[in-house]
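Next comes target-v3.txt, a file with compact mmCIF, C-alpha atoms.
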# COMPACT_ATOMS: atom_id res chain seq x y z
CA MET W 3 -65.58 214.86 75.10
CA SER W 4 -64.46 217.14 77.90
CA GLN W 5 -61.13 218.88 77.67
CA PRO W 6 -58.45 217.89 80.22
CA GLU W 7 -57.75 220.45 82.89
CA GLN W 8 -54.79 222.73 82.28
CA TRP W 9 -53.18 224.54 85.18
CA THR W 10 -51.91 228.07 84.63
CA LYS W 11 -50.05 228.19 87.96
CA VAL W 12 -48.35 225.34 89.77
CA ILE W 13 -47.10 225.88 93.33
CA THR W 14 -44.30 223.59 94.42
CA ALA W 15 -42.05 223.46 97.44
CA LYS W 16 -38.63 225.06 97.18
CA LYS W 17 -36.05 222.34 96.81
CA ARG W 18 -32.81 224.18 96.15
CA LEU W 19 -30.91 226.70 98.24
CA MET W 20 -31.00 229.27 95.45
CA ASP W 21 -34.65 228.69 94.59
CA LEU W 22 -35.75 232.21 95.58
CA HIS W 23 -38.76 232.50 93.21
CA LEU W 24 -38.04 236.16 92.51
CA ARG W 25 -40.08 235.95 89.31
CA ASP W 26 -43.19 235.37 91.43
CA VAL W 27 -42.62 238.71 93.12
CA TRP W 28 -42.88 240.46 89.75
CA ILE W 29 -46.04 238.53 88.88
CA TYR W 30 -47.62 239.64 92.18
CA ARG W 31 -46.43 243.26 91.89
CA TYR W 32 -50.01 244.50 92.14
CA LEU W 33 -50.06 243.05 95.64
CA ILE W 34 -47.09 245.24 96.61
CA LYS W 35 -49.10 248.32 95.60
CA MET W 36 -52.05 247.13 97.70
CA PHE W 37 -49.83 246.57 100.74
CA ILE W 38 -48.29 250.05 100.39
CA LYS W 39 -51.74 251.64 100.17
CA ARG W 40 -52.92 249.61 103.17
CA ASP W 41 -49.98 250.68 105.31
CA PHE W 42 -50.36 254.33 104.33
CA VAL W 43 -54.08 254.45 105.11
CA THR W 44 -54.09 252.43 108.34
CA GLN W 45 -51.12 254.16 109.98
CA TYR W 46 -52.57 257.68 109.89
CA LYS W 47 -56.29 257.09 109.35
CA GLN W 48 -57.31 258.33 112.83
CA THR W 49 -54.70 261.02 113.40
CA ILE W 50 -55.06 264.80 113.40
CA LEU W 51 -51.98 265.73 111.36
CA GLY W 52 -51.97 262.59 109.23
CA PRO W 53 -48.96 262.33 106.88
CA LEU W 54 -47.63 265.63 108.26
CA TRP W 55 -46.18 263.53 111.07
CA TYR W 56 -43.63 262.38 108.48
CA LEU W 57 -42.30 265.95 108.51
CA VAL W 58 -42.90 266.96 112.12
CA GLN W 59 -40.98 264.09 113.71
CA PRO W 60 -37.63 264.49 111.87
CA LEU W 61 -37.86 268.28 112.08
CA ILE W 62 -38.27 268.24 115.86
CA THR W 63 -35.47 265.68 116.13
CA ALA W 64 -33.17 267.85 114.00
CA PHE W 65 -33.86 270.91 116.19
CA MET W 66 -33.11 268.84 119.29
CA TYR W 67 -29.79 267.73 117.79
CA MET W 68 -29.02 271.36 116.91
CA PHE W 69 -29.42 272.39 120.53
CA ILE W 70 -27.65 269.42 122.16
CA PHE W 71 -24.82 268.62 119.74
CA GLY W 72 -24.50 271.92 117.87
CA LYS W 73 -24.99 274.54 120.58
CA MET W 74 -24.07 272.71 123.80
CA ALA W 75 -21.52 270.08 122.73
CA LYS W 76 -20.10 272.28 119.91
CA VAL W 77 -19.75 269.32 117.52
CA GLY W 78 -18.59 270.48 114.09
CA THR W 79 -20.63 270.09 110.91
CA ASP W 80 -17.93 270.75 108.27
CA GLY W 81 -19.34 274.23 107.73
CA VAL W 82 -22.85 273.01 106.84
CA PRO W 83 -25.74 274.90 108.51
CA PHE W 84 -26.99 273.00 111.54
CA ILE W 85 -30.53 272.39 110.32
CA LEU W 86 -29.38 271.03 106.93
CA PHE W 87 -26.71 268.83 108.49
CA TYR W 88 -28.86 267.26 111.19
CA PHE W 89 -32.02 266.95 109.11
CA ALA W 90 -30.17 265.02 106.37
CA GLY W 91 -28.65 262.60 108.88
CA THR W 92 -31.96 262.13 110.67
CA MET W 93 -33.85 261.60 107.41
CA LEU W 94 -31.57 258.82 106.14
CA TRP W 95 -31.13 257.15 109.53
CA THR W 96 -34.90 257.10 110.11
CA TYR W 97 -35.44 255.58 106.68
CA PHE W 98 -32.85 252.88 107.40
CA THR W 99 -34.20 252.00 110.85
CA SER W 100 -37.81 252.02 109.59
CA CYS W 101 -36.97 249.49 106.86
CA LEU W 102 -34.95 247.43 109.32
CA ASP W 103 -37.60 247.39 112.05
CA SER W 104 -40.59 246.80 109.76
CA CYS W 105 -38.93 243.99 107.79
CA SER W 106 -37.76 242.34 111.00
CA LYS W 107 -41.44 241.97 112.01
CA THR W 108 -42.63 240.55 108.69
CA PHE W 109 -43.57 237.11 109.99
CA THR W 110 -45.05 238.20 113.32
CA ASN W 111 -47.11 241.06 111.85
CA ASN W 112 -48.47 238.97 108.96
CA GLN W 113 -48.82 235.57 110.59
CA ASN W 114 -52.62 235.54 110.11
CA ILE W 115 -52.56 236.17 106.38
CA PHE W 116 -49.42 234.11 105.78
CA GLY W 117 -51.09 231.07 107.29
CA LYS W 118 -54.25 231.31 105.17
CA VAL W 119 -53.37 232.06 101.56
CA TYR W 120 -50.43 231.68 99.22
CA PHE W 121 -48.58 234.61 97.75
CA PRO W 122 -44.85 235.38 97.56
CA ARG W 123 -43.95 236.28 101.13
CA LEU W 124 -41.22 238.57 99.87
CA THR W 125 -43.87 241.00 98.60
CA SER W 126 -44.59 242.04 102.19
CA PRO W 127 -41.12 243.36 103.15
CA ILE W 128 -40.72 244.93 99.70
CA ALA W 129 -44.01 246.78 100.16
CA THR W 130 -42.91 247.88 103.61
CA CYS W 131 -39.73 249.42 102.21
CA GLY W 132 -41.75 251.04 99.44
CA PHE W 133 -44.04 252.61 102.02
CA HIS W 134 -41.05 254.10 103.83
CA ILE W 135 -39.74 255.52 100.54
CA ILE W 136 -42.89 257.66 100.38
CA LYS W 137 -42.08 259.06 103.82
CA LEU W 138 -38.49 259.66 102.78
CA LEU W 139 -39.49 261.58 99.65
CA MET W 140 -41.79 263.84 101.66
CA GLN W 141 -38.97 264.57 104.08
CA PHE W 142 -36.58 265.18 101.19
CA ALA W 143 -39.01 267.74 99.76
CA LEU W 144 -38.92 269.58 103.08
CA LEU W 145 -35.12 269.38 103.11
CA ALA W 146 -35.07 270.84 99.58
CA ALA W 147 -37.24 273.75 100.77
CA ILE W 148 -34.89 274.43 103.68
CA PHE W 149 -31.94 274.16 101.30
CA LEU W 150 -33.39 276.76 98.91
CA TYR W 151 -34.24 279.08 101.80
CA SER W 152 -30.68 278.86 103.10
CA VAL W 153 -29.16 279.56 99.68
CA PHE W 154 -31.43 282.30 98.32
CA VAL W 155 -32.67 284.02 101.49
CA GLN W 156 -29.91 283.53 104.03
CA LYS W 157 -27.23 283.65 101.30
CA VAL W 158 -25.42 280.58 102.63
CA ARG W 159 -22.77 279.25 100.28
CA ILE W 160 -23.38 275.55 99.60
CA ASN W 161 -21.44 273.68 96.95
CA ILE W 162 -23.89 271.14 95.59
CA SER W 163 -22.29 268.80 93.04
CA TRP W 164 -23.40 266.57 90.18
CA LEU W 165 -23.26 263.67 92.64
CA ALA W 166 -26.68 264.85 93.86
CA LEU W 167 -28.08 263.09 90.78
CA THR W 168 -27.22 259.80 92.46
CA PHE W 169 -29.90 260.40 95.12
CA PRO W 170 -32.13 257.54 93.79
CA LEU W 171 -29.14 255.20 94.14
CA ILE W 172 -28.58 256.39 97.71
CA VAL W 173 -32.24 255.65 98.49
CA LEU W 174 -31.91 252.18 96.98
CA TRP W 175 -28.61 251.65 98.82
CA VAL W 176 -30.02 252.49 102.25
CA GLY W 177 -33.32 250.70 101.64
CA VAL W 178 -31.68 247.44 100.53
CA LEU W 179 -29.27 247.63 103.47
CA GLY W 180 -32.01 248.13 106.05
CA GLY W 181 -34.43 245.71 104.43
CA SER W 182 -31.80 242.97 104.10
CA MET W 183 -30.84 243.21 107.74
CA GLY W 184 -34.54 243.13 108.59
CA LEU W 185 -35.04 239.93 106.57
CA ILE W 186 -32.23 238.24 108.46
CA ILE W 187 -33.62 239.28 111.83
CA SER W 188 -37.19 238.31 110.85
CA SER W 189 -35.99 234.81 110.03
CA LEU W 190 -34.34 234.50 113.44
CA THR W 191 -37.08 236.07 115.57
CA THR W 192 -39.62 233.41 114.57
CA LYS W 193 -37.75 231.15 117.02
CA TYR W 194 -36.03 233.67 119.28
CA ARG W 195 -38.47 236.45 120.17
CA ASP W 196 -36.08 238.19 122.56
CA LEU W 197 -34.03 239.32 119.55
CA ASN W 198 -36.62 242.07 119.07
CA ILE W 199 -35.53 243.57 122.38
CA LEU W 200 -31.90 243.37 121.30
CA LEU W 201 -32.80 245.02 117.98
CA THR W 202 -34.39 248.03 119.69
CA PHE W 203 -31.34 248.44 121.90
CA GLY W 204 -28.97 247.94 118.96
CA ILE W 205 -30.67 250.62 116.85
CA GLN W 206 -30.28 253.16 119.65
CA LEU W 207 -26.57 252.39 120.02
CA GLY W 208 -26.04 252.16 116.26
CA MET W 209 -26.97 255.79 115.72
CA TYR W 210 -23.95 256.93 117.74
CA ALA W 211 -21.68 254.70 115.65
CA THR W 212 -23.08 256.37 112.51
CA PRO W 213 -22.35 259.97 111.37
CA VAL W 214 -25.88 261.19 112.05
CA VAL W 215 -25.01 263.94 114.54
CA TYR W 216 -21.36 264.34 113.58
CA PRO W 217 -19.33 264.19 110.35
CA LEU W 218 -16.69 261.54 109.77
CA SER W 219 -14.06 264.28 110.02
CA GLU W 220 -14.88 264.54 113.75
CA LEU W 221 -14.22 260.83 114.25
CA PRO W 222 -10.91 260.27 116.11
CA PRO W 223 -8.32 258.34 114.05
CA LYS W 224 -8.30 255.45 116.52
CA PHE W 225 -11.99 254.89 115.75
CA GLY W 226 -11.58 255.12 111.98
CA TRP W 227 -12.38 251.41 111.68
CA LEU W 228 -16.00 252.23 112.48
CA ALA W 229 -16.41 253.75 109.02
CA TYR W 230 -15.54 250.35 107.52
CA ALA W 231 -17.41 248.22 110.05
CA ASN W 232 -20.65 250.20 109.86
CA PRO W 233 -22.10 250.10 106.30
CA MET W 234 -24.44 253.03 107.05
CA CYS W 235 -21.54 255.46 107.44
CA ALA W 236 -20.87 255.63 103.71
CA PRO W 237 -24.34 256.55 102.35
CA ILE W 238 -24.96 259.28 104.95
CA GLU W 239 -21.56 260.89 104.47
CA PHE W 240 -21.86 260.49 100.69
CA PHE W 241 -25.22 262.29 100.74
CA ARG W 242 -23.68 265.30 102.51
CA ILE W 243 -20.78 265.40 100.09
CA ALA W 244 -23.17 265.27 97.12
CA PHE W 245 -25.61 267.92 98.32
CA TYR W 246 -23.47 270.15 100.54
CA GLY W 247 -19.98 269.69 99.14
CA ALA W 248 -18.71 269.08 102.67
CA GLY W 249 -16.98 266.09 104.22
CA HIS W 250 -14.56 263.44 103.07
CA LEU W 251 -15.12 259.79 102.29
CA ASP W 252 -12.52 257.29 101.13
CA THR W 253 -13.44 255.18 98.13
CA SER W 254 -12.51 252.07 100.11
CA VAL W 255 -15.25 252.89 102.66
CA ILE W 256 -17.83 253.09 99.87
CA ILE W 257 -16.67 249.79 98.38
CA CYS W 258 -16.86 248.07 101.77
CA SER W 259 -20.38 249.38 102.36
CA VAL W 260 -21.63 248.36 98.89
CA CYS W 261 -20.10 244.89 99.21
CA ALA W 262 -21.65 244.48 102.66
CA THR W 263 -25.03 245.55 101.25
CA PHE W 264 -24.89 242.93 98.48
CA ALA W 265 -23.73 240.24 100.91
CA LEU W 266 -26.50 241.03 103.41
CA ALA W 267 -29.12 241.12 100.61
CA PHE W 268 -28.05 237.71 99.34
CA PHE W 269 -27.90 236.16 102.81
CA GLY W 270 -31.19 237.77 103.82
CA LEU W 271 -33.04 236.46 100.74
CA VAL W 272 -31.74 232.93 101.19
CA LEU W 273 -32.51 232.83 104.91
CA PHE W 274 -35.95 234.41 104.45
CA THR W 275 -37.08 232.04 101.68
CA ARG W 276 -35.85 229.00 103.60
CA ASN W 277 -37.57 230.09 106.79
CA GLU W 278 -40.92 230.91 105.18
CA ARG W 279 -41.58 227.20 104.58
CA ASN W 280 -42.06 226.32 108.24
CA PHE W 281 -42.62 229.61 110.04
CA VAL W 282 -46.25 228.68 110.81
CA ASP W 283 -45.05 225.74 112.88
CA VAL W 284 -42.77 227.80 115.10
CA ILE W 285 -44.32 231.27 115.29
Written as structure tokens, how would this file's structure read?
Amino acid sequence: MSQPEQWTKVITAKKRLMDLHLRDVWIYRYLIKMFIKRDFVTQYKQTILGPLWYLVQPLITAFMYMFIFGKMAKVGTDGVPFILFYFAGTMLWTYFTSCLDSCSKTFTNNQNIFGKVYFPRLTSPIATCGFHIIKLLMQFALLAAIFLYSVFVQKVRINISWLALTFPLIVLWVGVLGGSMGLIISSLTTKYRDLNILLTFGIQLGMYATPVVYPLSELPPKFGWLAYANPMCAPIEFFRIAFYGAGHLDTSVIICSVCATFALAFFGLVLFTRNERNFVDVI
């Protein structure tokens, strides 16, 4: 007598608002590793410098900021050497915008594979953010080399604090913030494609509302509300305080940024999982 069939995995439609199926993401964690490897290989497979572009691009950008904002505009840096100040801001801002832009294109960039086989769709944006963490760590290694050169060769006095140990939390903070905003935008752009144009424009403007090329101490008092309205102000300024001992950041600004990050993550997950059910019909 034959044994009745027993299913090890049953796929059902999501019925509740909070049915996010986050456990499935852990089960398919091997797929996240495959996506990260795919992105790393395909992006620089036919380039001359390869992954060195991760270092060349922010370094050139930092030197450009040094000349324009440091030398010409005479914008203060709270006593931090120009290259360290601008490279740190560029590094974190690039990481944020990369997570935001890549996650916002999750459905459009993966529409072929999403329409053919089942797997937790959330693995794709998570893998994208993981790929950008690799780039960030390479840039951080270069920043550490510049930091050591400034301290031991140029004899620059930099007051690094124990808060530097929170660097992994800063990475998680910025990544979740950028990825969550990307999930929200990806869910909207399946119907409204012109939001991609608005996103590109918004990222360009957003940098000037973020202390990338200036410290918060240079922000006029009448624009102090920007530190609360822009959740990216807190992690960038906090990074400089932790590693350079320069700058000032109110605890209330940190709390607002963290709360906004959690709220955006929750809203982004709910909107993303609801939209993944019928994206094939509208994309």
Review point. Between W:Val58, W:Pro122, W:Gly270, W:Tyr46, which is the closest to W:Asp26 once you count only C-alpha atoms?
Key: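 Using only C-alpha atoms, W:Asp26 sits closest to W:Pro122.
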Practice item. Please tell me which residues are no farther than 8 Å from (-37.7, 236.2, 110.7) in the file, counting all atoms listed in the file, and write them as a PyMOL selection string. Key: chain W and resi 106-109+184-192+274+277
Check your understanding: Using all atoms listed in the file, which residue out of W:Ala229, W:Leu138, W:Met93, W:Val155 lies closest to W:Ile257?
Key ->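 When distances to W:Ile257 are compared using all atoms listed in the file, the smallest one comes from W:Ala229.
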Which residues of stretch 42-139 of chain W come within 12 Å of stretch 204-228 of chain W, and for each one, what is the closest pair of atoms and their distance in Å to one decimal, counting all atoms listed in the file, sorted by chain and residue number, as CSV?
residue,atom,partner,partner_atom,distance
W:Thr63,CA,W:Val215,CA,10.7
W:Ala64,CA,W:Val215,CA,9.1
W:Phe65,CA,W:Val215,CA,11.4
W:Met66,CA,W:Val215,CA,10.6
W:Tyr67,CA,W:Val215,CA,6.9
W:Met68,CA,W:Val215,CA,8.8
W:Phe69,CA,W:Val215,CA,11.3
W:Ile70,CA,W:Val215,CA,9.8
W:Phe71,CA,W:Val215,CA,7.0
W:Gly72,CA,W:Val215,CA,8.7
W:Ala75,CA,W:Tyr216,CA,10.8
W:Lys76,CA,W:Tyr216,CA,10.2
W:Val77,CA,W:Tyr216,CA,6.6
W:Gly78,CA,W:Tyr216,CA,6.8
W:Thr79,CA,W:Pro217,CA,6.1
W:Asp80,CA,W:Pro217,CA,7.0
W:Gly81,CA,W:Pro217,CA,10.4
W:Val82,CA,W:Pro217,CA,10.1
W:Phe84,CA,W:Val215,CA,9.7
W:Ile85,CA,W:Val215,CA,10.9
W:Leu86,CA,W:Val215,CA,11.3
W:Phe87,CA,W:Val215,CA,8.0
W:Tyr88,CA,W:Val215,CA,6.1
W:Phe89,CA,W:Val214,CA,8.9
W:Ala90,CA,W:Val214,CA,8.1
W:Gly91,CA,W:Val214,CA,4.4
W:Thr92,CA,W:Val214,CA,6.3
W:Met93,CA,W:Val214,CA,9.2
W:Leu94,CA,W:Val214,CA,8.5
W:Trp95,CA,W:Val214,CA,7.1
W:Thr96,CA,W:Met209,CA,9.8
W:Phe98,CA,W:Ile205,CA,10.0
W:Thr99,CA,W:Ile205,CA,7.1
W:Ser100,CA,W:Ile205,CA,10.3
W:Cys101,CA,W:Ile205,CA,11.9
W:Leu102,CA,W:Ile205,CA,9.2
W:Asp103,CA,W:Ile205,CA,9.0
Review point. How far is it from atom CA of W:Ser182 to atom CA of W:Cys258, in Å with one decimal?
Key: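 Pair atom CA of W:Ser182 / atom CA of W:Cys258 returns 16.0 Å.
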Spatial neighbours of W:Ser163, 7 Å, only C-alpha atoms, chain gap at least 2 places, as a short mmCIF file (atom, residue, chain, number, x, y, z; two decimals) with C-alpha atoms, keeping the file's coordinate frame:
data_model
loop_
_atom_site.label_atom_id
_atom_site.label_comp_id
_atom_site.auth_asym_id
_atom_site.auth_seq_id
_atom_site.Cartn_x
_atom_site.Cartn_y
_atom_site.Cartn_z
CA ASN W 161 -21.44 273.68 96.95
CA LEU W 165 -23.26 263.67 92.64
CA ALA W 166 -26.68 264.85 93.86
CA ALA W 244 -23.17 265.27 97.12
CA PHE W 245 -25.61 267.92 98.32
CA GLY W 247 -19.98 269.69 99.14
#
Box in all listed atoms of stretch 142-158 of chain W, axis-aligned, with 4 Å more on each side; write out centre and edge lengths in Å to one decimal as JSON.
{"center_x": -32.2, "center_y": 274.6, "center_z": 101.2, "size_x": 21.6, "size_y": 26.8, "size_z": 13.7}
Please rebuild stretch 143-171 of chain W with N, CA and C atoms and return the result as an mmCIF file, in the coordinates of the input.
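Generated file (out_10.cif):
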data_model
loop_
_atom_site.group_PDB
_atom_site.id
_atom_site.type_symbol
_atom_site.label_atom_id
_atom_site.label_comp_id
_atom_site.auth_asym_id
_atom_site.auth_seq_id
_atom_site.Cartn_x
_atom_site.Cartn_y
_atom_site.Cartn_z
ATOM 1 N N ALA W 143 -38.410 266.516 100.289
ATOM 2 C CA ALA W 143 -39.010 267.740 99.760
ATOM 3 C C ALA W 143 -38.890 268.875 100.767
ATOM 4 N N LEU W 144 -39.091 268.569 102.047
ATOM 5 C CA LEU W 144 -38.920 269.580 103.080
ATOM 6 C C LEU W 144 -37.465 270.015 103.178
ATOM 7 N N LEU W 145 -36.552 269.048 103.086
ATOM 8 C CA LEU W 145 -35.120 269.380 103.110
ATOM 9 C C LEU W 145 -34.761 270.277 101.929
ATOM 10 N N ALA W 146 -35.335 270.004 100.755
ATOM 11 C CA ALA W 146 -35.070 270.840 99.580
ATOM 12 C C ALA W 146 -35.564 272.269 99.799
ATOM 13 N N ALA W 147 -36.721 272.409 100.467
ATOM 14 C CA ALA W 147 -37.240 273.750 100.770
ATOM 15 C C ALA W 147 -36.321 274.500 101.728
ATOM 16 N N ILE W 148 -35.828 273.819 102.741
ATOM 17 C CA ILE W 148 -34.890 274.430 103.680
ATOM 18 C C ILE W 148 -33.590 274.789 102.973
ATOM 19 N N PHE W 149 -33.155 273.927 102.081
ATOM 20 C CA PHE W 149 -31.940 274.160 101.300
ATOM 21 C C PHE W 149 -32.066 275.432 100.464
ATOM 22 N N LEU W 150 -33.178 275.580 99.756
ATOM 23 C CA LEU W 150 -33.390 276.760 98.910
ATOM 24 C C LEU W 150 -33.506 278.025 99.755
ATOM 25 N N TYR W 151 -34.141 277.923 100.900
ATOM 26 C CA TYR W 151 -34.240 279.080 101.800
ATOM 27 C C TYR W 151 -32.856 279.508 102.281
ATOM 28 N N SER W 152 -32.026 278.549 102.618
ATOM 29 C CA SER W 152 -30.680 278.860 103.100
ATOM 30 C C SER W 152 -29.833 279.513 102.019
ATOM 31 N N VAL W 153 -29.989 279.051 100.771
ATOM 32 C CA VAL W 153 -29.160 279.560 99.680
ATOM 33 C C VAL W 153 -29.626 280.920 99.194
ATOM 34 N N PHE W 154 -30.928 281.077 98.965
ATOM 35 C CA PHE W 154 -31.430 282.300 98.320
ATOM 36 C C PHE W 154 -31.878 283.378 99.306
ATOM 37 N N VAL W 155 -32.233 283.022 100.515
ATOM 38 C CA VAL W 155 -32.670 284.020 101.490
ATOM 39 C C VAL W 155 -31.560 284.345 102.485
ATOM 40 N N GLN W 156 -30.978 283.309 103.072
ATOM 41 C CA GLN W 156 -29.910 283.530 104.030
ATOM 42 C C GLN W 156 -28.538 283.692 103.380
ATOM 43 N N LYS W 157 -28.460 283.470 102.067
ATOM 44 C CA LYS W 157 -27.230 283.650 101.300
ATOM 45 C C LYS W 157 -26.096 282.758 101.811
ATOM 46 N N VAL W 158 -26.425 281.536 102.189
ATOM 47 C CA VAL W 158 -25.420 280.580 102.630
ATOM 48 C C VAL W 158 -24.787 279.928 101.409
ATOM 49 N N ARG W 159 -23.474 279.847 101.403
ATOM 50 C CA ARG W 159 -22.770 279.250 100.280
ATOM 51 C C ARG W 159 -22.696 277.730 100.453
ATOM 52 N N ILE W 160 -23.366 277.000 99.571
ATOM 53 C CA ILE W 160 -23.380 275.550 99.600
ATOM 54 C C ILE W 160 -22.977 275.024 98.240
ATOM 55 N N ASN W 161 -21.986 274.173 98.208
ATOM 56 C CA ASN W 161 -21.440 273.680 96.950
ATOM 57 C C ASN W 161 -22.051 272.327 96.583
ATOM 58 N N ILE W 162 -23.250 272.370 96.047
ATOM 59 C CA ILE W 162 -23.890 271.140 95.590
ATOM 60 C C ILE W 162 -23.187 270.659 94.315
ATOM 61 N N SER W 163 -23.015 269.346 94.182
ATOM 62 C CA SER W 163 -22.290 268.800 93.040
ATOM 63 C C SER W 163 -23.195 267.913 92.201
ATOM 64 N N TRP W 164 -22.644 267.456 91.072
ATOM 65 C CA TRP W 164 -23.400 266.570 90.180
ATOM 66 C C TRP W 164 -23.711 265.237 90.847
ATOM 67 N N LEU W 165 -23.001 264.915 91.922
ATOM 68 C CA LEU W 165 -23.260 263.670 92.640
ATOM 69 C C LEU W 165 -24.666 263.630 93.240
ATOM 70 N N ALA W 166 -25.299 264.811 93.346
ATOM 71 C CA ALA W 166 -26.680 264.850 93.860
ATOM 72 C C ALA W 166 -27.625 264.065 92.959
ATOM 73 N N LEU W 167 -27.241 263.870 91.703
ATOM 74 C CA LEU W 167 -28.080 263.090 90.780
ATOM 75 C C LEU W 167 -28.140 261.619 91.161
ATOM 76 N N THR W 168 -27.234 261.204 92.024
ATOM 77 C CA THR W 168 -27.220 259.800 92.460
ATOM 78 C C THR W 168 -28.167 259.567 93.641
ATOM 79 N N PHE W 169 -28.995 260.542 93.969
ATOM 80 C CA PHE W 169 -29.900 260.400 95.120
ATOM 81 C C PHE W 169 -30.768 259.143 95.028
ATOM 82 N N PRO W 170 -31.351 258.801 93.857
ATOM 83 C CA PRO W 170 -32.130 257.540 93.790
ATOM 84 C C PRO W 170 -31.290 256.320 94.163
ATOM 85 N N LEU W 171 -30.007 256.332 93.789
ATOM 86 C CA LEU W 171 -29.140 255.200 94.140
ATOM 87 C C LEU W 171 -28.875 255.166 95.641
#
